[in-house]
Amino acid sequence: MDNIKRVILKLSGEALAKKEGGYNDELIENIANQVKTIVNKGTDVGVVIGGGNYWRGRSNDNIDRTKADQIGMLATIMNCIYVSEIFRSQGLKTNILTPFECGSMTKLFSKDRANKYFEKGMVVFFAGGTGHPYFSTDTATALRAIEIEAEAILLAKAIDGVYDSDPKVNPDAVKYDEISLDEVLSKKLGVIDLTATIMCLENKMPLVIFGLEEENSIVNTMSGNFNGTYVTV
């Protein structure tokens, strides 16, 4: 993956949080410095962050689904603002794009604007999901990756790859070194949600899945020296 010129990095909001609440600044600073290494080698990096550390509204039947999803969109914006500032503290230039107006806190997404920021060596955060309810941050990640013509999506997860069953439940679960998106669909492995999977399949967008907390995992993934799973098209 050394020759890849543009990627989107998907981070879990829950993975960036401390168990007792708040953000894990040490982890975010580590991520920032790994991203800095990649950017300095000439790769454009876009970032999407989930909002699960703030909001899991779909489990609450008392709130309308559209409103719940809108709260989730705002959660992703809060995460991107925070993580963007930590990135800046580590010497990176950043900007945040959203699919809807958000005052002076972010800029409105367009492909041209994203490309302009990439040309300036910035890390571009894509916050606010797709801007519509009923779409997850997985789908937003796939959409933005396709729109900006990224060459791969990097999925940094709590689990270090794709398994044939949940390794937290089944100690004998087998990890795939490589698997196709067709197999992910047919085996219902749920690597990303169904909409995002089909979008990646139709637009030939490969995924690289690895454990976020493994040492130097992002840099190692970009160099091809990692223990995760390639999801091919």
# chains A, B, ... in the order shown; residues from 1 in each chain; ligands from 1
>>> residues_around(residues="A:Ala173", least_positions_apart="2", cutoff="12 Å", atoms="only C-alpha atoms", output="number ranges by chain")
A: 159, 161-171, 175-176
>>> write_last_selection(atoms="N, CA and C atoms", output="compact mmCIF listing (two decimals), in the first residue's frame")
# COMPACT_ATOMS: atom_id res chain seq x y z
N ILE A 159 -11.38 -4.84 17.08
CA ILE A 159 -10.99 -6.20 16.69
C ILE A 159 -10.01 -6.09 15.53
N GLY A 161 -9.32 -7.49 12.72
CA GLY A 161 -9.55 -8.01 11.38
C GLY A 161 -10.94 -8.59 11.25
N VAL A 162 -11.14 -9.34 10.17
CA VAL A 162 -12.43 -9.98 9.91
C VAL A 162 -12.36 -11.44 10.31
N TYR A 163 -13.33 -11.90 11.09
CA TYR A 163 -13.38 -13.28 11.56
C TYR A 163 -14.64 -13.96 11.03
N ASP A 164 -14.61 -15.29 11.03
CA ASP A 164 -15.78 -16.04 10.55
C ASP A 164 -16.93 -16.03 11.56
N SER A 165 -16.64 -15.61 12.79
CA SER A 165 -17.65 -15.42 13.82
C SER A 165 -17.07 -14.45 14.85
N ASP A 166 -17.87 -14.05 15.80
CA ASP A 166 -17.44 -13.04 16.77
C ASP A 166 -16.38 -13.64 17.71
N PRO A 167 -15.14 -13.15 17.64
CA PRO A 167 -14.09 -13.71 18.51
C PRO A 167 -14.31 -13.45 19.99
N LYS A 168 -15.16 -12.47 20.31
CA LYS A 168 -15.47 -12.22 21.72
C LYS A 168 -16.37 -13.30 22.28
N VAL A 169 -17.14 -13.92 21.40
CA VAL A 169 -18.07 -14.98 21.81
C VAL A 169 -17.49 -16.36 21.55
N ASN A 170 -16.82 -16.50 20.40
CA ASN A 170 -16.27 -17.80 19.99
C ASN A 170 -14.74 -17.76 20.00
N PRO A 171 -14.11 -18.39 21.00
CA PRO A 171 -12.64 -18.38 21.08
C PRO A 171 -11.97 -19.10 19.92
N LYS A 175 -9.66 -15.94 11.78
CA LYS A 175 -9.49 -14.65 11.11
C LYS A 175 -9.08 -14.85 9.65
N TYR A 176 -9.64 -14.01 8.79
CA TYR A 176 -9.27 -14.01 7.38
C TYR A 176 -8.12 -13.03 7.16
>>> residues_around(residues="stretch 61-71 of chain A", least_positions_apart="5", cutoff="9 Å", atoms="only C-alpha atoms", output="count of residues only")
10
>>> select_by_dssp(residues="stretch 121-210 of chain A", states="strand (DSSP E)", output="number ranges by chain")
A: 123-126, 152-157, 162-163, 175-176, 178-180, 207-210
>>> residues_around(residues="A:Asp25", least_positions_apart="6", cutoff="9 Å", atoms="only C-alpha atoms", output="JSON, numbers by chain")
{"A": [16, 17, 18, 83, 86]}
>>> atom_distance(atom1="atom CA of A:Ile4", atom2="atom CA of A:Val174")
28.7 Å
>>> closest_residue(among="A:Thr139, A:Ser186, A:Ser84, A:Asn227", to="A:Glu215", atoms="only C-alpha atoms")
A:Asn227
>>> closest_residue(among="A:Val124, A:Ala156, A:Cys80, A:Met199", to="A:Thr229", atoms="only C-alpha atoms")
A:Ala156
>>> residues_around(residues="A:Leu9", least_positions_apart="6", cutoff="9 Å", atoms="only C-alpha atoms", output="PyMOL selection string")
chain A and resi 45-49+141+152-156+218
>>> write_last_selection(atoms="all heavy atoms", output="PDB file, in the first residue's frame")
ATOM      1  N   VAL A  45      -5.052  12.122   3.462  1.00  0.00           N
ATOM      2  CA  VAL A  45      -5.815  11.373   4.465  1.00  0.00           C
ATOM      3  C   VAL A  45      -7.103  12.114   4.807  1.00  0.00           C
ATOM      4  O   VAL A  45      -7.077  13.257   5.263  1.00  0.00           O
ATOM      5  CB  VAL A  45      -4.998  11.140   5.749  1.00  0.00           C
ATOM      6  CG1 VAL A  45      -5.836  10.385   6.783  1.00  0.00           C
ATOM      7  CG2 VAL A  45      -3.709  10.376   5.447  1.00  0.00           C
ATOM      8  N   GLY A  46      -8.236  11.452   4.558  1.00  0.00           N
ATOM      9  CA  GLY A  46      -9.526  11.915   5.049  1.00  0.00           C
ATOM     10  C   GLY A  46      -9.900  11.091   6.263  1.00  0.00           C
ATOM     11  O   GLY A  46      -9.489   9.931   6.378  1.00  0.00           O
ATOM     12  N   VAL A  47     -10.657  11.665   7.175  1.00  0.00           N
ATOM     13  CA  VAL A  47     -11.023  10.980   8.417  1.00  0.00           C
ATOM     14  C   VAL A  47     -12.533  11.056   8.638  1.00  0.00           C
ATOM     15  O   VAL A  47     -13.131  12.128   8.492  1.00  0.00           O
ATOM     16  CB  VAL A  47     -10.294  11.586   9.640  1.00  0.00           C
ATOM     17  CG1 VAL A  47     -10.708  10.868  10.924  1.00  0.00           C
ATOM     18  CG2 VAL A  47      -8.776  11.532   9.462  1.00  0.00           C
ATOM     19  N   VAL A  48     -13.122   9.927   8.962  1.00  0.00           N
ATOM     20  CA  VAL A  48     -14.517   9.870   9.407  1.00  0.00           C
ATOM     21  C   VAL A  48     -14.517   9.256  10.804  1.00  0.00           C
ATOM     22  O   VAL A  48     -13.819   8.264  11.042  1.00  0.00           O
ATOM     23  CB  VAL A  48     -15.395   9.021   8.462  1.00  0.00           C
ATOM     24  CG1 VAL A  48     -16.811   8.879   9.027  1.00  0.00           C
ATOM     25  CG2 VAL A  48     -15.440   9.644   7.069  1.00  0.00           C
ATOM     26  N   ILE A  49     -15.284   9.844  11.712  1.00  0.00           N
ATOM     27  CA  ILE A  49     -15.347   9.340  13.082  1.00  0.00           C
ATOM     28  C   ILE A  49     -16.809   9.054  13.433  1.00  0.00           C
ATOM     29  O   ILE A  49     -17.686   9.880  13.182  1.00  0.00           O
ATOM     30  CB  ILE A  49     -14.767  10.346  14.099  1.00  0.00           C
ATOM     31  CG1 ILE A  49     -13.353  10.763  13.693  1.00  0.00           C
ATOM     32  CG2 ILE A  49     -14.750   9.742  15.506  1.00  0.00           C
ATOM     33  CD1 ILE A  49     -12.749  11.851  14.577  1.00  0.00           C
ATOM     34  N   THR A 141     -18.752   6.955   5.223  1.00  0.00           N
ATOM     35  CA  THR A 141     -17.355   6.676   4.892  1.00  0.00           C
ATOM     36  C   THR A 141     -17.230   6.186   3.455  1.00  0.00           C
ATOM     37  O   THR A 141     -16.384   6.668   2.689  1.00  0.00           O
ATOM     38  CB  THR A 141     -16.780   5.617   5.852  1.00  0.00           C
ATOM     39  OG1 THR A 141     -16.891   6.080   7.195  1.00  0.00           O
ATOM     40  CG2 THR A 141     -15.323   5.326   5.541  1.00  0.00           C
ATOM     41  N   ALA A 152      -8.546   3.459  -1.019  1.00  0.00           N
ATOM     42  CA  ALA A 152      -8.897   2.429  -0.033  1.00  0.00           C
ATOM     43  C   ALA A 152      -9.503   3.091   1.191  1.00  0.00           C
ATOM     44  O   ALA A 152      -9.278   4.274   1.455  1.00  0.00           O
ATOM     45  CB  ALA A 152      -7.668   1.613   0.374  1.00  0.00           C
ATOM     46  N   ILE A 153     -10.284   2.316   1.919  1.00  0.00           N
ATOM     47  CA  ILE A 153     -10.801   2.723   3.220  1.00  0.00           C
ATOM     48  C   ILE A 153     -10.052   1.939   4.289  1.00  0.00           C
ATOM     49  O   ILE A 153      -9.969   0.711   4.223  1.00  0.00           O
ATOM     50  CB  ILE A 153     -12.312   2.442   3.334  1.00  0.00           C
ATOM     51  CG1 ILE A 153     -13.103   3.304   2.349  1.00  0.00           C
ATOM     52  CG2 ILE A 153     -12.797   2.684   4.764  1.00  0.00           C
ATOM     53  CD1 ILE A 153     -14.573   2.919   2.241  1.00  0.00           C
ATOM     54  N   LEU A 154      -9.490   2.644   5.256  1.00  0.00           N
ATOM     55  CA  LEU A 154      -8.822   2.014   6.395  1.00  0.00           C
ATOM     56  C   LEU A 154      -9.798   2.000   7.559  1.00  0.00           C
ATOM     57  O   LEU A 154     -10.235   3.056   8.023  1.00  0.00           O
ATOM     58  CB  LEU A 154      -7.558   2.788   6.791  1.00  0.00           C
ATOM     59  CG  LEU A 154      -6.550   3.133   5.697  1.00  0.00           C
ATOM     60  CD1 LEU A 154      -5.329   3.814   6.316  1.00  0.00           C
ATOM     61  CD2 LEU A 154      -6.125   1.898   4.919  1.00  0.00           C
ATOM     62  N   LEU A 155     -10.141   0.806   8.024  1.00  0.00           N
ATOM     63  CA  LEU A 155     -11.075   0.666   9.141  1.00  0.00           C
ATOM     64  C   LEU A 155     -10.300   0.276  10.397  1.00  0.00           C
ATOM     65  O   LEU A 155      -9.844  -0.864  10.525  1.00  0.00           O
ATOM     66  CB  LEU A 155     -12.128  -0.393   8.835  1.00  0.00           C
ATOM     67  CG  LEU A 155     -13.186  -0.041   7.791  1.00  0.00           C
ATOM     68  CD1 LEU A 155     -14.071  -1.248   7.520  1.00  0.00           C
ATOM     69  CD2 LEU A 155     -14.033   1.116   8.250  1.00  0.00           C
ATOM     70  N   ALA A 156     -10.140   1.227  11.305  1.00  0.00           N
ATOM     71  CA  ALA A 156      -9.440   0.968  12.565  1.00  0.00           C
ATOM     72  C   ALA A 156     -10.459   0.542  13.602  1.00  0.00           C
ATOM     73  O   ALA A 156     -11.307   1.326  14.013  1.00  0.00           O
ATOM     74  CB  ALA A 156      -8.698   2.224  13.013  1.00  0.00           C
ATOM     75  N   ILE A 218      -1.563   2.049  12.088  1.00  0.00           N
ATOM     76  CA  ILE A 218      -1.927   2.774  10.870  1.00  0.00           C
ATOM     77  C   ILE A 218      -0.740   2.849   9.916  1.00  0.00           C
ATOM     78  O   ILE A 218      -0.864   2.576   8.718  1.00  0.00           O
ATOM     79  CB  ILE A 218      -2.444   4.185  11.216  1.00  0.00           C
ATOM     80  CG1 ILE A 218      -3.680   4.088  12.129  1.00  0.00           C
ATOM     81  CG2 ILE A 218      -2.803   4.960   9.951  1.00  0.00           C
ATOM     82  CD1 ILE A 218      -4.113   5.420  12.721  1.00  0.00           C
TER      83      ILE A 218
END
>>> residues_around(residues="stretch 26-39 of chain A", least_positions_apart="4", cutoff="12 Å", atoms="only C-alpha atoms", output="VMD selection string")
chain A and resid 1 to 13 15 to 18 22 43 to 47 49 79 to 80 82 to 94 118 to 124 154 156 212 to 223
>>> atom_distance(atom1="atom CA of A:Ala158", atom2="atom CA of A:Phe210")
8.2 Å
>>> residues_around(residues="A:Asp182", least_positions_apart="6", cutoff="9 Å", atoms="only C-alpha atoms", output="PyMOL selection string")
chain A and resi 201+232-233
>>> closest_residue(among="A:Asp160, A:Ser180, A:Thr137, A:Tyr23", to="A:Thr195", atoms="only C-alpha atoms")
A:Thr137
>>> closest_residue(among="A:Gly21, A:Gly103, A:Pro206, A:Gly190", to="A:Ile146", atoms="only C-alpha atoms")
A:Pro206
